[in-house]
Amino acid sequence: MTDNSIILPVIAHLFTAVLLIFFWRKVRIQQAVSVAGNILILGFSIGLFIKTWRAGYLTMQAGDWQAPFGITFVSDVFSSTMILLAGIAGLAVSIYSTVGISRHRIQYGYFPIFHFLLLGLNGAFLTGDIFNLYVWFEVIIISSFVLMTLGGRKPQVEGAIKYVTLNLLASVMFLTAVAILYGLTGSLNMADLSLKMAKIENRGLVNITGLLFFLGFGIKSAVFPLYFWLPSSYHTPPSAIAAVFGGLLTKVGVYALLRVFTLIFIPDEFTATMFTIVATATLLTGAFGAFIKRNIRKLFSYLIVCHIGFLIGGLGMHTSEALAGTVFYLIHDIIVKTNIFLAAGIMYKISGTTNMDKLGGLYADYPKLSLLVAVVLFSMVGIPPLSGFWPKIWLFDAAFSTDTWYLLIAMIIASFITLFVIARLWSDAFWKTRPVQEVPPTDDFSAMSWYRRSLLVTPVLVLAAVSLYIGFGAEHIARLSERIATDLKDTAPYIKAVLGREIVNF
Amino acid sequence: MELLLIILIGVLYATGIFMMLRRSMVKLLIGLILLGNGANMLIFVLGGITTGKPPIIGESEKILSGIYADPIPQSLILTAIVISFGLQAFAIVLLKRVYVLIETDDLNDLTTPETDI
Amino acid sequence: MKSVILRTASNYLLPLLLLFSVFILVRGHYSPGGGFVGGLMASIAFVLHAFANKLENTRKLLRYPPGAFIPVGLAIALLSGLAPVFIGKPFLTALWFSTPVPIIGLVGTPLFFDIGVFFVVIGITLSILFNISENIL
């Protein structure tokens with residue numbers, strides 16, 4: 001017996017996307033259908049989360065082919081949390097897109113592709129099969145390629161070339177790793193692989209396979225030597241698209257790393273050290289990159305890279321505390337990174353630029369909106385008691401207890417530089433008076449009707465409320481993260497849920 | 001047979017990476033295609049090569065009999081081929097578009113000054 | 001293309017190739033074949049027609065833009081996957097009618113899934129090829 005409600009978030013996205021293709025070129029209907037679909041899916045995600053929280057593990061054997069032969073969909077607390085976050089971010093971006101994405105782009109199929117992207121994300125979170133994970137990753141990158149190039153302006157397609165090439169390379173690496181894994185074990189089911197990999201005697205080969213996975217997922221999640229595609233492409237598409245990329249796309253790479261390196265490959269000393277060193281380099285390079293950028297969206301792109309370092313570092317330390325911190329940081333990061341790009345989009349609508357040298361005076365013109373953006377920005381920095389603060393305590397503490405002092409120093413430096421660049425951004429864009437320009441920019445934002453403006457601001461407001469909840473209700477999120485970390489450390493129940501005869505069903 | 005295929009895979013990966021490091025966009029595309037083919041061949045070899053029948057159940061039988069090939073690598077390769085077909089079609093159109101906009105094949109010329117979005 | 005032979009032949013080849021692609025589609029479950037290969041064959045038939053008789057005529061022959069096949073195919077595939085959910089089986093479980101249909105053989109949800117794939121493949125391949133050839137030629 002299996003539980004079909006697991007894949008409702010996936011099927012509902014596919015259904016919405018198909019429905020949207022039928023309404024090709026009908027902009028109004030597409031906007032309404034997309035928002036309605038996302039509300040429905042958020043409902044399903046909440047339902048799935050509650051159900052999984054109660055049951056622990058839910059499984060579904062697609063096509064009724066029993067594991068390890070068929071493709072298993074597994075929902076544990078970690079994946080259902082990710083689905084929930086993707087649902088929240090998806091709804092916010094969808095509402096924002098109704099105004100933020102031009103008519104022209106919607107007519108070329110923005111909304112269906114957006115739903116295919118979310119479909120791929122949800123599938124990747126739920127699958128329990130390594131090759132199926134590859135397929136979902138391909139769904140994600142194909143959709144992201146289209147979103148990246150939609151509109152086809154010159155900087156966009158130039159950024160897309162770098163993005164497409166590196167992501168295709170990452171896919172090939174991933175596929176190579178899957179091939180070697182299949183050659184080693186003859187299985188593709190992750191729970192089955194977990195059992196079989198432990199028995200393989202040639203540990204060198206296992207480690208090499210693990211590193212190939214790290215290479216593949218590392219390119220996607222933008223870690224130190226592999227991140228250069230991200231800052232040179234993420235600032236090119238419209239804000240709504242950059243928001244969903246920045247919030248979810250790199251994080252699905254981190255999710256896959258967390259999954260693979262807790263279930264299939266348990267990091268030995270060498271791998272763990274490599275993770276912490278890569279994390280250190282990611283933190284520092286990302287932070288220094290953000291330091292010198294004057295364009296807000298480029299700055300945010302480097303901050304994405306920088307904050308991936310916290311996540312990889314937590315994975316490298318691999319204690320329960322570090323994993324709990326990583327998961328907490330992941331939850332916080334998805335919401336906040338989505339939100340800052342949406343906020344940057346509103347700032348662009350107001351000033352017609354994202355260059356800090358040309359920005360200014362936003363606080364004088366829009367005090368309430370500015371305070372909202374301040375909440376978002378300083379949540380990212382992690383000023384206590386806002387959301388970024390709590391996971392860092394865990395990560396710092398874990399770094400103390402595991403004696404990875406270099407990572408600790410890098411995390412502190414990265415936090416300070418984040419604080420500095422955000423403070424500078426605040427004073428430049430909001431407090432400074434607007435520099436005099438020959439052609440004063442037109443304010444698209446105040447020219448809009450009240451209704452359209454509220455469609456832009458509401459998503460930012462909702463996401464800010466969620467990140468405030470993460471900050472002030474930290475004990476709930478902490479309990480959630482600790483439970484996820486326990487699940488990640490102790491994989492026996494996961495394996496039993498997938499392979500065992502007595503499948504949990506409520 | 002295996003040795004020959006393994007050498008071929010090595011050559012495909014090496015030439016693929018080499019082509020990707022060229023400055024021409026068309027060579028970049030060729031490199032991606034070669035890499036994808038190399039990965040498919042790798043699945044094929046690592047899945048184990050058997051000199052047997054294809055994994056198709058005969059009309060009068062209920063289960064596979066005799067020596068037959070492992071169907072999983074074949075289905076994996078088929079999936080990977082379909083995916084790379086789509087990706088390569090996209091990449092060709094993208095490169096064409098870039099060529100129309102920038103009028104060069106040289107990747108070093110992708111230097112449109114940063115504009116505000 | 002100006003060859004009279006090709007143009008004349010393609011008029012006869014198109015229905016034959018389409019018939020063959022449907023044959024490949026239907027035999028697909030237990031024998032080599034299936035929706036993907038069938039769809040590719042069908043789209044190649046149209047491409048051949050376009051080579052011989054110019055693209056506009058092929059578009060006219062198709063009547064709908066090739067992109068319109070995509071959502072139809074996706075919907076068929078999705079519904080065939082959803083059908084077993086209503087009787088409490090997991091998503092994508094194969095359900096078969098007990099009595100075989102003459103010529104076609106056993107009919108079940110996998111066949112409908114393959115038909116969906118068939119349409120999606122035709123739609124996507126023709127969209128890609130028509131677009132590329134219109135922009136380049």
# chains A, B, ... in the order shown; residues from 1 in each chain; ligands from 1
$ closest_atom_pairs --of "chain B" --to "chain C" --cutoff "10 Å" --atoms "only C-alpha atoms" --output "CSV"
residue,atom,partner,partner_atom,distance
B:Pro55,CA,C:Ser31,CA,10.0
B:Ile56,CA,C:Ser31,CA,6.8
B:Ile57,CA,C:Tyr30,CA,7.5
B:Gly58,CA,C:Tyr30,CA,8.9
B:Glu59,CA,C:Tyr30,CA,9.0
B:Val82,CA,C:Phe36,CA,9.0
B:Gly86,CA,C:Ile124,CA,9.0
B:Ala89,CA,C:Ile128,CA,7.4
B:Phe90,CA,C:Ile128,CA,8.7
B:Ile92,CA,C:Ile132,CA,9.1
B:Val93,CA,C:Ile132,CA,7.4
B:Lys96,CA,C:Ile136,CA,9.3
$ closest_atom_pairs --of "chain B" --to "chain A" --cutoff "10 Å" --atoms "only C-alpha atoms" --output "CSV"
residue,atom,partner,partner_atom,distance
B:Ile17,CA,A:Leu169,CA,9.3
B:Met20,CA,A:Thr165,CA,8.7
B:Met25,CA,A:Ile161,CA,9.2
B:Leu28,CA,A:Thr165,CA,8.2
B:Leu29,CA,A:Thr165,CA,8.6
B:Gly31,CA,A:Leu169,CA,9.9
B:Leu32,CA,A:Leu168,CA,7.4
B:Ile33,CA,A:Leu168,CA,9.9
B:Leu35,CA,A:Val172,CA,6.9
B:Gly36,CA,A:Val172,CA,6.2
B:Asn37,CA,A:Val172,CA,9.5
B:Gly38,CA,A:Thr176,CA,8.8
B:Ala39,CA,A:Thr176,CA,5.5
B:Asn40,CA,A:Leu175,CA,8.2
B:Met41,CA,A:Ala179,CA,9.4
B:Leu42,CA,A:Ala179,CA,6.5
B:Ile43,CA,A:Ala179,CA,4.7
B:Phe44,CA,A:Ala179,CA,8.3
B:Val45,CA,A:Gly183,CA,8.3
B:Leu46,CA,A:Gly183,CA,4.6
B:Gly47,CA,A:Gly183,CA,5.5
B:Gly48,CA,A:Gly183,CA,7.5
B:Asp70,CA,A:Gly186,CA,10.0
B:Ile72,CA,A:Gly186,CA,9.2
B:Pro73,CA,A:Ala179,CA,8.5
B:Leu76,CA,A:Phe131,CA,7.8
B:Ile77,CA,A:Ala179,CA,9.8
B:Thr79,CA,A:Val135,CA,8.2
B:Ala80,CA,A:Val135,CA,8.3
B:Ile83,CA,A:Glu138,CA,7.2
B:Ser84,CA,A:Leu168,CA,9.0
B:Gly86,CA,A:Ile142,CA,8.3
B:Leu87,CA,A:Ile142,CA,6.9
B:Gln88,CA,A:Leu168,CA,9.5
B:Phe90,CA,A:Phe145,CA,8.4
B:Ala91,CA,A:Val164,CA,7.6
B:Leu94,CA,A:Val157,CA,7.2
B:Leu95,CA,A:Ile161,CA,7.6
B:Arg97,CA,A:Val157,CA,7.7
B:Val98,CA,A:Val157,CA,6.3
B:Val100,CA,A:Lys154,CA,10.0
B:Leu101,CA,A:Lys154,CA,6.6
B:Ile102,CA,A:Lys154,CA,7.8
B:Leu107,CA,A:Ile161,CA,9.2
B:Asp109,CA,A:Glu158,CA,9.8
B:Leu110,CA,A:Glu158,CA,6.1
B:Thr111,CA,A:Glu158,CA,8.1
B:Thr112,CA,A:Pro155,CA,6.3
B:Pro113,CA,A:Pro155,CA,8.1
B:Glu114,CA,A:Pro155,CA,7.6
B:Thr115,CA,A:Pro155,CA,7.7
B:Asp116,CA,A:Thr353,CA,5.6
B:Ile117,CA,A:Thr236,CA,6.8
$ write_last_selection --atoms "C-alpha atoms" --output "PDB file, in the first residue's frame"
ATOM      1  CA  ILE B  17      36.731  18.744 -22.735  1.00  0.00           C
ATOM      2  CA  MET B  20      34.877  22.960 -24.770  1.00  0.00           C
ATOM      3  CA  MET B  25      31.017  28.540 -29.979  1.00  0.00           C
ATOM      4  CA  LEU B  28      31.903  24.357 -27.603  1.00  0.00           C
ATOM      5  CA  LEU B  29      28.719  22.725 -28.832  1.00  0.00           C
ATOM      6  CA  GLY B  31      32.464  19.375 -27.156  1.00  0.00           C
ATOM      7  CA  LEU B  32      29.197  19.123 -25.228  1.00  0.00           C
ATOM      8  CA  ILE B  33      27.844  16.544 -27.667  1.00  0.00           C
ATOM      9  CA  LEU B  35      30.944  14.569 -23.642  1.00  0.00           C
ATOM     10  CA  GLY B  36      27.321  13.451 -23.584  1.00  0.00           C
ATOM     11  CA  ASN B  37      28.111  10.541 -25.886  1.00  0.00           C
ATOM     12  CA  GLY B  38      31.065   9.602 -23.715  1.00  0.00           C
ATOM     13  CA  ALA B  39      28.830   9.475 -20.642  1.00  0.00           C
ATOM     14  CA  ASN B  40      26.320   7.281 -22.472  1.00  0.00           C
ATOM     15  CA  MET B  41      29.044   4.889 -23.535  1.00  0.00           C
ATOM     16  CA  LEU B  42      30.271   4.785 -19.948  1.00  0.00           C
ATOM     17  CA  ILE B  43      26.844   3.676 -18.715  1.00  0.00           C
ATOM     18  CA  PHE B  44      26.826   1.037 -21.429  1.00  0.00           C
ATOM     19  CA  VAL B  45      30.218  -0.379 -20.444  1.00  0.00           C
ATOM     20  CA  LEU B  46      29.700  -0.190 -16.690  1.00  0.00           C
ATOM     21  CA  GLY B  47      26.312  -1.858 -16.975  1.00  0.00           C
ATOM     22  CA  GLY B  48      28.211  -4.948 -18.081  1.00  0.00           C
ATOM     23  CA  ASP B  70      20.704  -6.012 -18.594  1.00  0.00           C
ATOM     24  CA  ILE B  72      18.489  -1.014 -17.096  1.00  0.00           C
ATOM     25  CA  PRO B  73      21.591   0.561 -18.708  1.00  0.00           C
ATOM     26  CA  LEU B  76      19.165   4.829 -18.769  1.00  0.00           C
ATOM     27  CA  ILE B  77      21.004   5.546 -22.016  1.00  0.00           C
ATOM     28  CA  THR B  79      16.600   8.540 -21.273  1.00  0.00           C
ATOM     29  CA  ALA B  80      19.957  10.309 -21.359  1.00  0.00           C
ATOM     30  CA  ILE B  83      17.426  14.536 -22.622  1.00  0.00           C
ATOM     31  CA  SER B  84      20.621  15.461 -24.435  1.00  0.00           C
ATOM     32  CA  GLY B  86      16.477  18.382 -26.125  1.00  0.00           C
ATOM     33  CA  LEU B  87      19.384  20.196 -24.519  1.00  0.00           C
ATOM     34  CA  GLN B  88      21.442  20.197 -27.681  1.00  0.00           C
ATOM     35  CA  PHE B  90      18.210  24.310 -27.196  1.00  0.00           C
ATOM     36  CA  ALA B  91      21.951  25.001 -27.241  1.00  0.00           C
ATOM     37  CA  LEU B  94      20.819  29.716 -28.299  1.00  0.00           C
ATOM     38  CA  LEU B  95      24.173  29.863 -30.069  1.00  0.00           C
ATOM     39  CA  ARG B  97      20.684  33.644 -31.443  1.00  0.00           C
ATOM     40  CA  VAL B  98      23.934  34.841 -29.895  1.00  0.00           C
ATOM     41  CA  VAL B 100      22.803  36.888 -34.763  1.00  0.00           C
ATOM     42  CA  LEU B 101      23.073  39.411 -31.922  1.00  0.00           C
ATOM     43  CA  ILE B 102      26.834  39.624 -31.584  1.00  0.00           C
ATOM     44  CA  LEU B 107      33.545  33.380 -26.983  1.00  0.00           C
ATOM     45  CA  ASP B 109      33.815  38.674 -27.575  1.00  0.00           C
ATOM     46  CA  LEU B 110      30.957  38.090 -25.134  1.00  0.00           C
ATOM     47  CA  THR B 111      31.713  41.338 -23.398  1.00  0.00           C
ATOM     48  CA  THR B 112      28.573  43.420 -23.605  1.00  0.00           C
ATOM     49  CA  PRO B 113      29.093  46.096 -20.953  1.00  0.00           C
ATOM     50  CA  GLU B 114      26.999  45.619 -17.856  1.00  0.00           C
ATOM     51  CA  THR B 115      23.696  47.298 -18.308  1.00  0.00           C
ATOM     52  CA  ASP B 116      21.025  47.965 -15.782  1.00  0.00           C
ATOM     53  CA  ILE B 117      18.145  45.583 -15.873  1.00  0.00           C
TER      54      ILE B 117
END
$ interface_residues --of "chain A" --to "chain C" --cutoff "6 Å" --atoms "only C-alpha atoms" --output "ChimeraX atom specification"
/A:4,18,21,62-64
$ residues_around --residues "Ser24 in chain B" --least-positions-apart "2" --cutoff "7 Å" --atoms "only C-alpha atoms" --output "VMD selection string"
chain B and resid 22 26 to 28 105 to 107
$ atom_distance --atom1 "CA of Gln31 in chain A" --atom2 "CA of Leu461 in chain A"
19.9 Å
$ select_by_dssp --residues "chain B" --states "helix (DSSP H, G or I)" --output "PyMOL selection string"
chain B and resi 2-20+25-46+71-102+107-109
$ atom_distance --atom1 "CA of Ala447 in chain A" --atom2 "CA of Pro435 in chain A"
21.2 Å
$ residues_around --residues "Pro66 in chain C" --least-positions-apart "4" --cutoff "6 Å" --atoms "only C-alpha atoms" --output "NGL selection string"
:C and (123 or 126-127)
$ atom_distance --atom1 "CA of Ile106 in chain A" --atom2 "CA of Gly151 in chain A"
9.7 Å
$ residues_around --residues "His332 in chain A" --least-positions-apart "2" --cutoff "12 Å" --atoms "only C-alpha atoms" --output "PDB file with N, CA and C atoms, in the first residue's frame"
ATOM      1  N   THR A  81       9.717  19.547   4.048  1.00  0.00           N
ATOM      2  CA  THR A  81      10.015  20.946   4.383  1.00  0.00           C
ATOM      3  C   THR A  81      10.440  21.717   3.145  1.00  0.00           C
ATOM      4  N   MET A  82      11.296  21.076   2.341  1.00  0.00           N
ATOM      5  CA  MET A  82      11.756  21.752   1.128  1.00  0.00           C
ATOM      6  C   MET A  82      10.593  22.024   0.180  1.00  0.00           C
ATOM      7  N   LEU A  85       8.741  24.986   1.446  1.00  0.00           N
ATOM      8  CA  LEU A  85       9.429  26.239   1.156  1.00  0.00           C
ATOM      9  C   LEU A  85       9.308  26.587  -0.319  1.00  0.00           C
ATOM     10  N   ALA A  89       7.748  30.021  -1.764  1.00  0.00           N
ATOM     11  CA  ALA A  89       8.499  30.879  -2.680  1.00  0.00           C
ATOM     12  C   ALA A  89       7.818  30.920  -4.045  1.00  0.00           C
ATOM     13  N   GLY A 247      16.712  31.791  -5.049  1.00  0.00           N
ATOM     14  CA  GLY A 247      16.147  31.168  -3.866  1.00  0.00           C
ATOM     15  C   GLY A 247      16.179  29.663  -3.923  1.00  0.00           C
ATOM     16  N   LEU A 248      15.894  29.087  -5.074  1.00  0.00           N
ATOM     17  CA  LEU A 248      15.659  27.646  -5.098  1.00  0.00           C
ATOM     18  C   LEU A 248      16.670  26.846  -5.909  1.00  0.00           C
ATOM     19  N   LYS A 251      19.866  25.996  -4.197  1.00  0.00           N
ATOM     20  CA  LYS A 251      19.578  25.244  -2.982  1.00  0.00           C
ATOM     21  C   LYS A 251      19.221  23.791  -3.273  1.00  0.00           C
ATOM     22  N   HIS A 307      26.929  32.630   0.833  1.00  0.00           N
ATOM     23  CA  HIS A 307      26.144  31.932   1.846  1.00  0.00           C
ATOM     24  C   HIS A 307      26.006  30.449   1.577  1.00  0.00           C
ATOM     25  N   PHE A 310      28.278  28.570   4.002  1.00  0.00           N
ATOM     26  CA  PHE A 310      27.783  28.130   5.310  1.00  0.00           C
ATOM     27  C   PHE A 310      27.211  26.720   5.220  1.00  0.00           C
ATOM     28  N   LEU A 311      26.448  26.489   4.129  1.00  0.00           N
ATOM     29  CA  LEU A 311      25.762  25.202   3.999  1.00  0.00           C
ATOM     30  C   LEU A 311      26.772  24.072   3.774  1.00  0.00           C
ATOM     31  N   GLY A 325      22.228  23.024  12.005  1.00  0.00           N
ATOM     32  CA  GLY A 325      22.488  24.406  11.617  1.00  0.00           C
ATOM     33  C   GLY A 325      22.362  24.588  10.124  1.00  0.00           C
ATOM     34  N   THR A 326      22.890  23.621   9.358  1.00  0.00           N
ATOM     35  CA  THR A 326      22.813  23.708   7.901  1.00  0.00           C
ATOM     36  C   THR A 326      21.372  23.740   7.432  1.00  0.00           C
ATOM     37  N   VAL A 327      20.558  22.832   8.006  1.00  0.00           N
ATOM     38  CA  VAL A 327      19.161  22.769   7.579  1.00  0.00           C
ATOM     39  C   VAL A 327      18.433  24.060   7.931  1.00  0.00           C
ATOM     40  N   PHE A 328      18.699  24.569   9.128  1.00  0.00           N
ATOM     41  CA  PHE A 328      18.083  25.829   9.547  1.00  0.00           C
ATOM     42  C   PHE A 328      18.495  26.939   8.582  1.00  0.00           C
ATOM     43  N   TYR A 329      19.803  26.971   8.259  1.00  0.00           N
ATOM     44  CA  TYR A 329      20.279  28.009   7.363  1.00  0.00           C
ATOM     45  C   TYR A 329      19.636  27.885   5.996  1.00  0.00           C
ATOM     46  N   LEU A 330      19.459  26.633   5.547  1.00  0.00           N
ATOM     47  CA  LEU A 330      18.839  26.384   4.245  1.00  0.00           C
ATOM     48  C   LEU A 330      17.414  26.937   4.233  1.00  0.00           C
ATOM     49  N   ILE A 334      16.439  30.085   1.679  1.00  0.00           N
ATOM     50  CA  ILE A 334      15.503  30.006   0.553  1.00  0.00           C
ATOM     51  C   ILE A 334      14.549  31.184   0.579  1.00  0.00           C
ATOM     52  N   ILE A 335      13.971  31.437   1.761  1.00  0.00           N
ATOM     53  CA  ILE A 335      12.990  32.516   1.863  1.00  0.00           C
ATOM     54  C   ILE A 335      13.647  33.868   1.617  1.00  0.00           C
ATOM     55  N   VAL A 336      14.807  34.074   2.251  1.00  0.00           N
ATOM     56  CA  VAL A 336      15.406  35.407   2.198  1.00  0.00           C
ATOM     57  C   VAL A 336      15.981  35.710   0.823  1.00  0.00           C
ATOM     58  N   LYS A 337      16.639  34.723   0.210  1.00  0.00           N
ATOM     59  CA  LYS A 337      17.254  34.989  -1.093  1.00  0.00           C
ATOM     60  C   LYS A 337      16.190  35.245  -2.158  1.00  0.00           C
ATOM     61  N   THR A 338      15.050  34.541  -2.052  1.00  0.00           N
ATOM     62  CA  THR A 338      13.965  34.837  -2.971  1.00  0.00           C
ATOM     63  C   THR A 338      13.512  36.272  -2.779  1.00  0.00           C
ATOM     64  N   ASN A 339      13.414  36.642  -1.500  1.00  0.00           N
ATOM     65  CA  ASN A 339      12.850  37.941  -1.182  1.00  0.00           C
ATOM     66  C   ASN A 339      13.749  39.095  -1.609  1.00  0.00           C
ATOM     67  N   VAL A 376      14.004  42.710   5.335  1.00  0.00           N
ATOM     68  CA  VAL A 376      14.489  41.642   4.472  1.00  0.00           C
ATOM     69  C   VAL A 376      16.010  41.589   4.486  1.00  0.00           C
ATOM     70  N   SER A 379      17.481  40.583   7.822  1.00  0.00           N
ATOM     71  CA  SER A 379      17.280  39.158   8.099  1.00  0.00           C
ATOM     72  C   SER A 379      18.397  38.361   7.466  1.00  0.00           C
ATOM     73  N   MET A 380      18.786  38.773   6.251  1.00  0.00           N
ATOM     74  CA  MET A 380      19.831  38.043   5.567  1.00  0.00           C
ATOM     75  C   MET A 380      21.149  38.157   6.319  1.00  0.00           C
ATOM     76  N   VAL A 381      21.417  39.376   6.814  1.00  0.00           N
ATOM     77  CA  VAL A 381      22.664  39.552   7.560  1.00  0.00           C
ATOM     78  C   VAL A 381      22.648  38.697   8.819  1.00  0.00           C
ATOM     79  N   GLY A 382      21.489  38.611   9.459  1.00  0.00           N
ATOM     80  CA  GLY A 382      21.418  37.820  10.673  1.00  0.00           C
ATOM     81  C   GLY A 382      21.668  38.645  11.910  1.00  0.00           C
ATOM     82  N   LEU A 386      16.678  38.421  14.163  1.00  0.00           N
ATOM     83  CA  LEU A 386      16.150  38.071  12.841  1.00  0.00           C
ATOM     84  C   LEU A 386      16.706  36.712  12.406  1.00  0.00           C
ATOM     85  N   SER A 387      16.176  36.208  11.265  1.00  0.00           N
ATOM     86  CA  SER A 387      16.289  34.773  11.028  1.00  0.00           C
ATOM     87  C   SER A 387      17.699  34.279  10.758  1.00  0.00           C
ATOM     88  N   GLY A 388      18.581  35.118  10.170  1.00  0.00           N
ATOM     89  CA  GLY A 388      19.891  34.583   9.827  1.00  0.00           C
ATOM     90  C   GLY A 388      20.789  34.330  11.029  1.00  0.00           C
ATOM     91  N   PHE A 389      20.382  34.796  12.185  1.00  0.00           N
ATOM     92  CA  PHE A 389      21.257  34.758  13.351  1.00  0.00           C
ATOM     93  C   PHE A 389      21.354  33.365  13.968  1.00  0.00           C
ATOM     94  N   TRP A 390      20.173  32.715  14.106  1.00  0.00           N
ATOM     95  CA  TRP A 390      20.141  31.479  14.895  1.00  0.00           C
ATOM     96  C   TRP A 390      20.955  30.340  14.289  1.00  0.00           C
ATOM     97  N   PRO A 391      20.835  30.052  12.982  1.00  0.00           N
ATOM     98  CA  PRO A 391      21.627  28.926  12.470  1.00  0.00           C
ATOM     99  C   PRO A 391      23.118  29.179  12.593  1.00  0.00           C
ATOM    100  N   LYS A 392      23.522  30.466  12.534  1.00  0.00           N
ATOM    101  CA  LYS A 392      24.959  30.740  12.606  1.00  0.00           C
ATOM    102  C   LYS A 392      25.522  30.352  13.968  1.00  0.00           C
ATOM    103  N   LEU A 463       6.798  37.148   2.369  1.00  0.00           N
ATOM    104  CA  LEU A 463       8.070  36.468   2.602  1.00  0.00           C
ATOM    105  C   LEU A 463       8.803  37.088   3.787  1.00  0.00           C
ATOM    106  N   ALA A 464       8.691  38.414   3.930  1.00  0.00           N
ATOM    107  CA  ALA A 464       9.318  39.055   5.094  1.00  0.00           C
ATOM    108  C   ALA A 464       8.662  38.551   6.373  1.00  0.00           C
ATOM    109  N   ALA A 465       7.338  38.372   6.328  1.00  0.00           N
ATOM    110  CA  ALA A 465       6.646  37.849   7.517  1.00  0.00           C
ATOM    111  C   ALA A 465       7.138  36.448   7.826  1.00  0.00           C
ATOM    112  N   VAL A 466       7.332  35.630   6.770  1.00  0.00           N
ATOM    113  CA  VAL A 466       7.824  34.269   7.006  1.00  0.00           C
ATOM    114  C   VAL A 466       9.213  34.317   7.623  1.00  0.00           C
ATOM    115  N   SER A 467      10.071  35.205   7.109  1.00  0.00           N
ATOM    116  CA  SER A 467      11.422  35.216   7.681  1.00  0.00           C
ATOM    117  C   SER A 467      11.413  35.805   9.082  1.00  0.00           C
ATOM    118  N   LEU A 468      10.472  36.718   9.358  1.00  0.00           N
ATOM    119  CA  LEU A 468      10.342  37.185  10.751  1.00  0.00           C
ATOM    120  C   LEU A 468       9.903  36.043  11.646  1.00  0.00           C
ATOM    121  N   TYR A 469       8.990  35.209  11.117  1.00  0.00           N
ATOM    122  CA  TYR A 469       8.543  34.051  11.913  1.00  0.00           C
ATOM    123  C   TYR A 469       9.725  33.121  12.176  1.00  0.00           C
ATOM    124  N   ILE A 470      10.565  32.912  11.139  1.00  0.00           N
ATOM    125  CA  ILE A 470      11.729  32.052  11.339  1.00  0.00           C
ATOM    126  C   ILE A 470      12.628  32.631  12.428  1.00  0.00           C
ATOM    127  N   GLY A 471      12.724  33.967  12.451  1.00  0.00           N
ATOM    128  CA  GLY A 471      13.557  34.590  13.471  1.00  0.00           C
ATOM    129  C   GLY A 471      12.939  34.537  14.852  1.00  0.00           C
ATOM    130  N   ALA A 474      11.971  30.954  16.407  1.00  0.00           N
ATOM    131  CA  ALA A 474      13.115  30.102  16.093  1.00  0.00           C
ATOM    132  C   ALA A 474      13.037  28.746  16.764  1.00  0.00           C
ATOM    133  N   ILE A 477      11.428  26.254  14.399  1.00  0.00           N
ATOM    134  CA  ILE A 477      12.308  25.869  13.292  1.00  0.00           C
ATOM    135  C   ILE A 477      13.474  25.042  13.826  1.00  0.00           C
ATOM    136  N   ALA A 478      13.934  25.395  15.035  1.00  0.00           N
ATOM    137  CA  ALA A 478      15.043  24.645  15.620  1.00  0.00           C
ATOM    138  C   ALA A 478      14.647  23.201  15.860  1.00  0.00           C
ATOM    139  N   SER A 481      14.602  21.530  12.530  1.00  0.00           N
ATOM    140  CA  SER A 481      15.938  21.266  12.001  1.00  0.00           C
ATOM    141  C   SER A 481      16.606  20.135  12.765  1.00  0.00           C
TER     142      SER A 481
END
